[in-house]
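This is run.pdb (PDB, N, CA and C atoms).
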```
ATOM      1  N   MET A 202      61.841 -61.554 -22.079
ATOM      2  CA  MET A 202      63.176 -61.750 -21.576
ATOM      3  C   MET A 202      64.208 -61.113 -22.495
ATOM      4  N   ASN A 203      63.957 -61.236 -23.797
ATOM      5  CA  ASN A 203      64.853 -60.661 -24.783
ATOM      6  C   ASN A 203      64.877 -59.133 -24.675
ATOM      7  N   GLU A 204      63.729 -58.546 -24.378
ATOM      8  CA  GLU A 204      63.642 -57.094 -24.223
ATOM      9  C   GLU A 204      64.458 -56.620 -23.016
ATOM     10  N   ILE A 205      64.434 -57.380 -21.949
ATOM     11  CA  ILE A 205      65.178 -57.021 -20.741
ATOM     12  C   ILE A 205      66.680 -57.051 -21.028
ATOM     13  N   LEU A 206      67.130 -58.067 -21.733
ATOM     14  CA  LEU A 206      68.546 -58.153 -22.087
ATOM     15  C   LEU A 206      68.965 -56.986 -22.981
ATOM     16  N   GLN A 207      68.099 -56.625 -23.899
ATOM     17  CA  GLN A 207      68.386 -55.510 -24.785
ATOM     18  C   GLN A 207      68.464 -54.193 -23.999
ATOM     19  N   LEU A 208      67.545 -54.012 -23.060
ATOM     20  CA  LEU A 208      67.565 -52.811 -22.218
ATOM     21  C   LEU A 208      68.826 -52.765 -21.347
ATOM     22  N   LEU A 209      69.210 -53.906 -20.803
ATOM     23  CA  LEU A 209      70.425 -53.960 -20.000
ATOM     24  C   LEU A 209      71.672 -53.635 -20.838
ATOM     25  N   GLU A 210      71.689 -54.093 -22.053
ATOM     26  CA  GLU A 210      72.806 -53.813 -22.951
ATOM     27  C   GLU A 210      72.882 -52.319 -23.268
ATOM     28  N   GLU A 211      71.746 -51.706 -23.530
ATOM     29  CA  GLU A 211      71.706 -50.265 -23.797
ATOM     30  C   GLU A 211      72.133 -49.475 -22.558
ATOM     31  N   LEU A 212      71.663 -49.918 -21.402
ATOM     32  CA  LEU A 212      72.026 -49.268 -20.146
ATOM     33  C   LEU A 212      73.528 -49.373 -19.900
ATOM     34  N   SER A 213      74.079 -50.524 -20.205
ATOM     35  CA  SER A 213      75.517 -50.728 -20.040
ATOM     36  C   SER A 213      76.302 -49.772 -20.940
ATOM     37  N   LYS A 214      75.859 -49.572 -22.156
ATOM     38  CA  LYS A 214      76.522 -48.637 -23.073
ATOM     39  C   LYS A 214      76.428 -47.211 -22.543
ATOM     40  N   ASP A 215      75.268 -46.866 -21.982
ATOM     41  CA  ASP A 215      75.089 -45.531 -21.411
ATOM     42  C   ASP A 215      76.035 -45.311 -20.230
ATOM     43  N   PHE A 216      76.229 -46.341 -19.411
ATOM     44  CA  PHE A 216      77.150 -46.231 -18.289
ATOM     45  C   PHE A 216      78.578 -45.990 -18.765
ATOM     46  N   VAL A 217      78.959 -46.633 -19.833
ATOM     47  CA  VAL A 217      80.302 -46.441 -20.385
ATOM     48  C   VAL A 217      80.483 -44.987 -20.832
ATOM     49  N   ILE A 218      79.466 -44.429 -21.453
ATOM     50  CA  ILE A 218      79.528 -43.042 -21.914
ATOM     51  C   ILE A 218      79.614 -42.085 -20.718
ATOM     52  N   VAL A 219      78.780 -42.330 -19.713
ATOM     53  CA  VAL A 219      78.783 -41.479 -18.517
ATOM     54  C   VAL A 219      80.124 -41.580 -17.793
ATOM     55  N   LYS A 220      80.654 -42.776 -17.687
ATOM     56  CA  LYS A 220      81.944 -42.970 -17.031
ATOM     57  C   LYS A 220      83.046 -42.208 -17.759
ATOM     58  N   ALA A 221      83.049 -42.274 -19.071
ATOM     59  CA  ALA A 221      84.058 -41.563 -19.854
ATOM     60  C   ALA A 221      83.927 -40.043 -19.638
ATOM     61  N   TYR A 222      82.710 -39.547 -19.556
ATOM     62  CA  TYR A 222      82.466 -38.128 -19.342
ATOM     63  C   TYR A 222      82.961 -37.701 -17.954
ATOM     64  N   VAL A 223      82.642 -38.484 -16.938
ATOM     65  CA  VAL A 223      83.072 -38.177 -15.571
ATOM     66  C   VAL A 223      84.593 -38.200 -15.472
ATOM     67  N   MET A 224      85.222 -39.159 -16.095
ATOM     68  CA  MET A 224      86.681 -39.251 -16.057
ATOM     69  C   MET A 224      87.323 -38.047 -16.750
ATOM     70  N   SER A 225      86.733 -37.590 -17.846
ATOM     71  CA  SER A 225      87.301 -36.421 -18.528
ATOM     72  C   SER A 225      87.118 -35.162 -17.683
ATOM     73  N   LEU A 226      85.994 -35.034 -16.994
ATOM     74  CA  LEU A 226      85.796 -33.905 -16.088
ATOM     75  C   LEU A 226      86.794 -33.946 -14.946
ATOM     76  N   ARG A 227      86.984 -35.103 -14.400
ATOM     77  CA  ARG A 227      87.917 -35.280 -13.288
ATOM     78  C   ARG A 227      89.332 -34.909 -13.716
ATOM     79  N   LYS A 228      89.730 -35.357 -14.887
ATOM     80  CA  LYS A 228      91.065 -35.052 -15.380
ATOM     81  C   LYS A 228      91.227 -33.560 -15.610
ATOM     82  N   SER A 229      90.214 -32.909 -16.153
ATOM     83  CA  SER A 229      90.320 -31.472 -16.407
ATOM     84  C   SER A 229      90.398 -30.692 -15.098
ATOM     85  N   LYS A 230      89.708 -31.138 -14.056
ATOM     86  CA  LYS A 230      89.784 -30.482 -12.748
ATOM     87  C   LYS A 230      91.171 -30.638 -12.153
ATOM     88  N   ILE A 231      91.733 -31.826 -12.240
ATOM     89  CA  ILE A 231      93.074 -32.072 -11.718
ATOM     90  C   ILE A 231      94.087 -31.240 -12.489
ATOM     91  N   ASP A 232      93.946 -31.165 -13.793
ATOM     92  CA  ASP A 232      94.859 -30.365 -14.604
ATOM     93  C   ASP A 232      94.778 -28.897 -14.236
ATOM     94  N   SER A 233      93.564 -28.387 -13.993
ATOM     95  CA  SER A 233      93.429 -26.971 -13.666
ATOM     96  C   SER A 233      94.018 -26.668 -12.297
ATOM     97  N   ILE A 234      93.914 -27.585 -11.351
ATOM     98  CA  ILE A 234      94.538 -27.380 -10.040
ATOM     99  C   ILE A 234      96.044 -27.342 -10.209
ATOM    100  N   GLY A 235      96.557 -28.241 -11.014
ATOM    101  CA  GLY A 235      97.997 -28.282 -11.248
ATOM    102  C   GLY A 235      98.523 -27.025 -11.910
ATOM    103  N   GLU A 236      97.689 -26.329 -12.655
ATOM    104  CA  GLU A 236      98.108 -25.119 -13.341
ATOM    105  C   GLU A 236      98.020 -23.893 -12.441
ATOM    106  N   THR A 237      97.277 -23.954 -11.351
ATOM    107  CA  THR A 237      97.096 -22.776 -10.522
ATOM    108  C   THR A 237      97.856 -22.831  -9.208
ATOM    109  N   TRP A 238      98.258 -24.003  -8.754
ATOM    110  CA  TRP A 238      98.957 -24.158  -7.479
ATOM    111  C   TRP A 238     100.321 -24.795  -7.698
ATOM    112  N   ILE A 239     101.319 -24.308  -6.952
ATOM    113  CA  ILE A 239     102.644 -24.920  -6.986
ATOM    114  C   ILE A 239     103.122 -25.111  -5.550
ATOM    115  N   ASP A 240     104.042 -26.025  -5.361
ATOM    116  CA  ASP A 240     104.529 -26.273  -3.999
ATOM    117  C   ASP A 240     105.713 -25.361  -3.684
ATOM    118  N   GLY A 241     106.138 -25.415  -2.433
ATOM    119  CA  GLY A 241     107.205 -24.541  -1.972
ATOM    120  C   GLY A 241     108.500 -24.718  -2.722
ATOM    121  N   GLN A 242     108.824 -25.946  -3.082
ATOM    122  CA  GLN A 242     110.058 -26.220  -3.815
ATOM    123  C   GLN A 242     110.067 -25.464  -5.139
ATOM    124  N   ASP A 243     108.936 -25.476  -5.828
ATOM    125  CA  ASP A 243     108.844 -24.755  -7.102
ATOM    126  C   ASP A 243     108.992 -23.252  -6.900
ATOM    127  N   VAL A 244     108.395 -22.720  -5.825
ATOM    128  CA  VAL A 244     108.514 -21.286  -5.537
ATOM    129  C   VAL A 244     109.969 -20.925  -5.266
ATOM    130  N   MET A 245     110.642 -21.736  -4.449
ATOM    131  CA  MET A 245     112.047 -21.460  -4.129
ATOM    132  C   MET A 245     112.921 -21.490  -5.381
ATOM    133  N   GLN A 246     112.687 -22.454  -6.252
ATOM    134  CA  GLN A 246     113.477 -22.558  -7.475
ATOM    135  C   GLN A 246     113.174 -21.407  -8.424
ATOM    136  N   THR A 247     111.911 -21.028  -8.516
ATOM    137  CA  THR A 247     111.514 -19.961  -9.429
ATOM    138  C   THR A 247     112.073 -18.613  -8.987
ATOM    139  N   LEU A 248     111.964 -18.324  -7.685
ATOM    140  CA  LEU A 248     112.404 -17.032  -7.173
ATOM    141  C   LEU A 248     113.870 -17.029  -6.743
ATOM    142  N   HIS A 249     114.514 -18.192  -6.783
ATOM    143  CA  HIS A 249     115.908 -18.328  -6.335
ATOM    144  C   HIS A 249     116.058 -17.839  -4.900
ATOM    145  N   ILE A 250     115.211 -18.374  -4.017
ATOM    146  CA  ILE A 250     115.249 -18.011  -2.605
ATOM    147  C   ILE A 250     115.423 -19.271  -1.757
ATOM    148  N   SER A 251     115.817 -19.057  -0.524
ATOM    149  CA  SER A 251     116.026 -20.185   0.388
ATOM    150  C   SER A 251     114.714 -20.576   1.062
ATOM    151  N   LYS A 252     114.770 -21.707   1.734
ATOM    152  CA  LYS A 252     113.618 -22.196   2.488
ATOM    153  C   LYS A 252     113.246 -21.199   3.585
ATOM    154  N   ARG A 253     114.254 -20.638   4.222
ATOM    155  CA  ARG A 253     114.022 -19.670   5.301
ATOM    156  C   ARG A 253     113.383 -18.386   4.777
ATOM    157  N   THR A 254     113.810 -17.918   3.620
ATOM    158  CA  THR A 254     113.218 -16.721   3.019
ATOM    159  C   THR A 254     111.756 -16.974   2.678
ATOM    160  N   LEU A 255     111.461 -18.148   2.152
ATOM    161  CA  LEU A 255     110.082 -18.493   1.848
ATOM    162  C   LEU A 255     109.246 -18.523   3.126
ATOM    163  N   GLN A 256     109.806 -19.052   4.191
ATOM    164  CA  GLN A 256     109.110 -19.073   5.475
ATOM    165  C   GLN A 256     108.827 -17.653   5.962
ATOM    166  N   THR A 257     109.785 -16.758   5.791
ATOM    167  CA  THR A 257     109.595 -15.360   6.186
ATOM    168  C   THR A 257     108.467 -14.715   5.380
ATOM    169  N   LEU A 258     108.422 -15.003   4.085
ATOM    170  CA  LEU A 258     107.343 -14.461   3.244
ATOM    171  C   LEU A 258     105.978 -14.952   3.713
ATOM    172  N   ARG A 259     105.925 -16.200   4.179
ATOM    173  CA  ARG A 259     104.672 -16.739   4.734
ATOM    174  C   ARG A 259     104.346 -16.070   6.065
ATOM    175  N   ASP A 260     105.353 -16.020   6.948
ATOM    176  CA  ASP A 260     105.142 -15.531   8.310
ATOM    177  C   ASP A 260     104.684 -14.077   8.355
ATOM    178  N   ASN A 261     105.240 -13.238   7.492
ATOM    179  CA  ASN A 261     104.853 -11.831   7.540
ATOM    180  C   ASN A 261     103.666 -11.501   6.631
ATOM    181  N   GLY A 262     103.070 -12.528   6.030
ATOM    182  CA  GLY A 262     101.860 -12.340   5.234
ATOM    183  C   GLY A 262     102.100 -11.825   3.833
ATOM    184  N   THR A 263     103.341 -11.805   3.411
ATOM    185  CA  THR A 263     103.667 -11.318   2.070
ATOM    186  C   THR A 263     103.184 -12.275   0.987
ATOM    187  N   LEU A 264     103.260 -13.555   1.277
ATOM    188  CA  LEU A 264     102.867 -14.568   0.290
ATOM    189  C   LEU A 264     101.845 -15.515   0.913
ATOM    190  N   PRO A 265     100.576 -15.428   0.468
ATOM    191  CA  PRO A 265      99.548 -16.341   0.989
ATOM    192  C   PRO A 265      99.852 -17.787   0.605
ATOM    193  N   TYR A 266      99.327 -18.713   1.385
ATOM    194  CA  TYR A 266      99.617 -20.128   1.154
ATOM    195  C   TYR A 266      98.475 -20.999   1.656
ATOM    196  N   SER A 267      98.559 -22.256   1.286
ATOM    197  CA  SER A 267      97.670 -23.287   1.796
ATOM    198  C   SER A 267      98.563 -24.419   2.297
ATOM    199  N   ARG A 268      98.173 -25.011   3.416
ATOM    200  CA  ARG A 268      98.986 -26.088   3.985
ATOM    201  C   ARG A 268      98.148 -27.358   4.055
ATOM    202  N   VAL A 269      98.669 -28.422   3.474
ATOM    203  CA  VAL A 269      97.994 -29.710   3.478
ATOM    204  C   VAL A 269      99.008 -30.756   3.931
ATOM    205  N   ASN A 270      98.703 -31.417   5.036
ATOM    206  CA  ASN A 270      99.582 -32.447   5.584
ATOM    207  C   ASN A 270     101.032 -31.984   5.718
ATOM    208  N   GLY A 271     101.202 -30.767   6.172
ATOM    209  CA  GLY A 271     102.539 -30.246   6.407
ATOM    210  C   GLY A 271     103.260 -29.724   5.182
ATOM    211  N   LYS A 272     102.627 -29.785   4.030
ATOM    212  CA  LYS A 272     103.245 -29.294   2.806
ATOM    213  C   LYS A 272     102.549 -28.000   2.394
ATOM    214  N   PHE A 273     103.348 -27.013   1.994
ATOM    215  CA  PHE A 273     102.815 -25.709   1.634
ATOM    216  C   PHE A 273     102.615 -25.605   0.124
ATOM    217  N   TYR A 274     101.497 -24.972  -0.254
ATOM    218  CA  TYR A 274     101.169 -24.736  -1.656
ATOM    219  C   TYR A 274     100.852 -23.262  -1.835
ATOM    220  N   TYR A 275     101.189 -22.740  -3.016
ATOM    221  CA  TYR A 275     101.033 -21.328  -3.302
ATOM    222  C   TYR A 275     100.350 -21.164  -4.649
ATOM    223  N   LYS A 276      99.490 -20.165  -4.752
ATOM    224  CA  LYS A 276      98.866 -19.867  -6.032
ATOM    225  C   LYS A 276      99.885 -19.142  -6.909
ATOM    226  N   ILE A 277      99.941 -19.543  -8.144
ATOM    227  CA  ILE A 277     100.862 -18.914  -9.089
ATOM    228  C   ILE A 277     100.559 -17.424  -9.196
ATOM    229  N   GLU A 278      99.287 -17.073  -9.182
ATOM    230  CA  GLU A 278      98.922 -15.655  -9.301
ATOM    231  C   GLU A 278      99.433 -14.850  -8.108
ATOM    232  N   ASP A 279      99.507 -15.444  -6.910
ATOM    233  CA  ASP A 279     100.034 -14.733  -5.753
ATOM    234  C   ASP A 279     101.537 -14.508  -5.873
ATOM    235  N   VAL A 280     102.242 -15.475  -6.422
ATOM    236  CA  VAL A 280     103.677 -15.312  -6.657
ATOM    237  C   VAL A 280     103.906 -14.212  -7.697
ATOM    238  N   GLU A 281     103.083 -14.195  -8.741
ATOM    239  CA  GLU A 281     103.190 -13.153  -9.769
ATOM    240  C   GLU A 281     102.881 -11.782  -9.184
ATOM    241  N   LYS A 282     101.866 -11.696  -8.301
ATOM    242  CA  LYS A 282     101.536 -10.418  -7.654
ATOM    243  C   LYS A 282     102.708  -9.925  -6.809
ATOM    244  N   LEU A 283     103.361 -10.844  -6.101
ATOM    245  CA  LEU A 283     104.518 -10.481  -5.295
ATOM    246  C   LEU A 283     105.614  -9.884  -6.168
ATOM    247  N   LEU A 284     105.873 -10.506  -7.298
ATOM    248  CA  LEU A 284     106.888  -9.991  -8.210
ATOM    249  C   LEU A 284     106.485  -8.632  -8.777
ATOM    250  N   GLU A 285     105.217  -8.502  -9.173
ATOM    251  CA  GLU A 285     104.731  -7.238  -9.728
ATOM    252  C   GLU A 285     104.794  -6.112  -8.694
ATOM    253  N   SER A 286     104.440  -6.401  -7.451
ATOM    254  CA  SER A 286     104.421  -5.357  -6.426
ATOM    255  C   SER A 286     105.824  -4.887  -6.059
ATOM    256  N   ASN A 287     106.831  -5.684  -6.372
ATOM    257  CA  ASN A 287     108.208  -5.310  -6.087
ATOM    258  C   ASN A 287     108.982  -4.911  -7.340
ATOM    259  N   TYR A 288     108.272  -4.744  -8.427
ATOM    260  CA  TYR A 288     108.907  -4.399  -9.696
ATOM    261  C   TYR A 288     109.347  -2.933  -9.684
ATOM    262  N   SER A 289     110.553  -2.707 -10.124
ATOM    263  CA  SER A 289     111.081  -1.349 -10.215
ATOM    264  C   SER A 289     111.657  -1.147 -11.603
ATOM    265  N   HIS A 290     111.101  -0.210 -12.323
ATOM    266  CA  HIS A 290     111.571   0.031 -13.684
ATOM    267  C   HIS A 290     112.568   1.191 -13.756
ATOM    268  N   THR A 291     112.822   1.851 -12.629
ATOM    269  CA  THR A 291     113.787   2.946 -12.620
ATOM    270  C   THR A 291     115.119   2.453 -12.073
ATOM    271  N   LYS A 292     116.154   3.081 -12.509
ATOM    272  CA  LYS A 292     117.498   2.723 -12.046
ATOM    273  C   LYS A 292     117.741   3.395 -10.693
ATOM    274  N   ASN A 293     118.194   2.618  -9.722
ATOM    275  CA  ASN A 293     118.525   3.176  -8.409
ATOM    276  C   ASN A 293     119.842   3.952  -8.528
ATOM    277  N   SER A 294     119.813   5.217  -8.135
ATOM    278  CA  SER A 294     121.020   6.029  -8.262
ATOM    279  C   SER A 294     121.941   5.876  -7.065
ATOM    280  N   GLY A 295     121.499   5.214  -6.009
ATOM    281  CA  GLY A 295     122.288   5.121  -4.797
ATOM    282  C   GLY A 295     123.331   4.026  -4.803
ATOM    283  N   TYR A 296     123.250   3.079  -5.698
ATOM    284  CA  TYR A 296     124.172   1.944  -5.707
ATOM    285  C   TYR A 296     125.309   2.172  -6.691
ATOM    286  N   GLY A 297     126.537   1.987  -6.203
ATOM    287  CA  GLY A 297     127.686   2.036  -7.081
ATOM    288  C   GLY A 297     128.159   3.424  -7.438
ATOM    289  N   ASN A 298     127.508   4.452  -6.986
ATOM    290  CA  ASN A 298     127.928   5.817  -7.285
ATOM    291  C   ASN A 298     128.647   6.439  -6.098
ATOM    292  N   LYS A 299     129.669   7.235  -6.388
ATOM    293  CA  LYS A 299     130.382   7.930  -5.321
ATOM    294  C   LYS A 299     130.239   9.409  -5.475
TER     295      LYS A 299
END
```
What is this structure when it is put down as structure tokens?
Amino acid sequence: MNEILQLLEELSKDFVIVKAYVMSLRKSKIDSIGETWIDGQDVMQTLHISKRTLQTLRDNGTLPYSRVNGKFYYKIEDVEKLLESNYSHTKNSGYGNK
């Protein structure tokens, strides 16, 4: 009987270790999702655009998205690609010149 209690105690300690490991994995997965996806509000604030402009970017396929329960999410890398693809390092000569 004493051996059974000892085994149960060891098993209980093992469960605590496994639980702590699973919780740390779960937290790291949640953190990584939070680092790669942002919601529409964050995109609008970052790019200084309106809700309608963001909708246009979705509608014409310029900015890929995911929709969950009516809320839109965007990958940070896709927002960065959008900015990079529209980057212009040359000065436009057509504006402000007569």
Report as number ranges by chain: the residues of region 208-287 of chain A with a DSSP assignment of helix (DSSP H, G or I), based on the backbone of this structure. A: 208-237, 241-248, 252-260, 277-286
So which residues touch Lys276 (chain A) within 7 Å, counting only N, CA and C atoms, skipping near sequence neighbours fewer than 6 positions away, as a list in words?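 Using only N, CA and C atoms, the neighbours found are Thr237, Trp238, Ile239, Pro265, Tyr266 and Ser267 of chain A.
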What's the separation between CA of Ser225 (chain A) and CA of Asp243 (chain A), in Å to one decimal place? 27.0 Å
Nearest residue to Leu284 (chain A) out of A:Gly271, A:Thr257, A:Val244, A:Tyr222, using only C-alpha atoms?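 Among the listed residues, A:Val244 lies closest to Leu284 (chain A).
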Please compute the atom N of Glu278 (chain A)-CA of Glu236 (chain A) distance, one decimal, in Å.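 Computing the Euclidean distance for atom N of Glu278 (chain A) and CA of Glu236 (chain A) yields 9.1 Å.
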Which distance in Å separates CA of Val223 (chain A) and CA of Glu211 (chain A), to one decimal?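 Separation between CA of Val223 (chain A) and CA of Glu211 (chain A): 18.5 Å.
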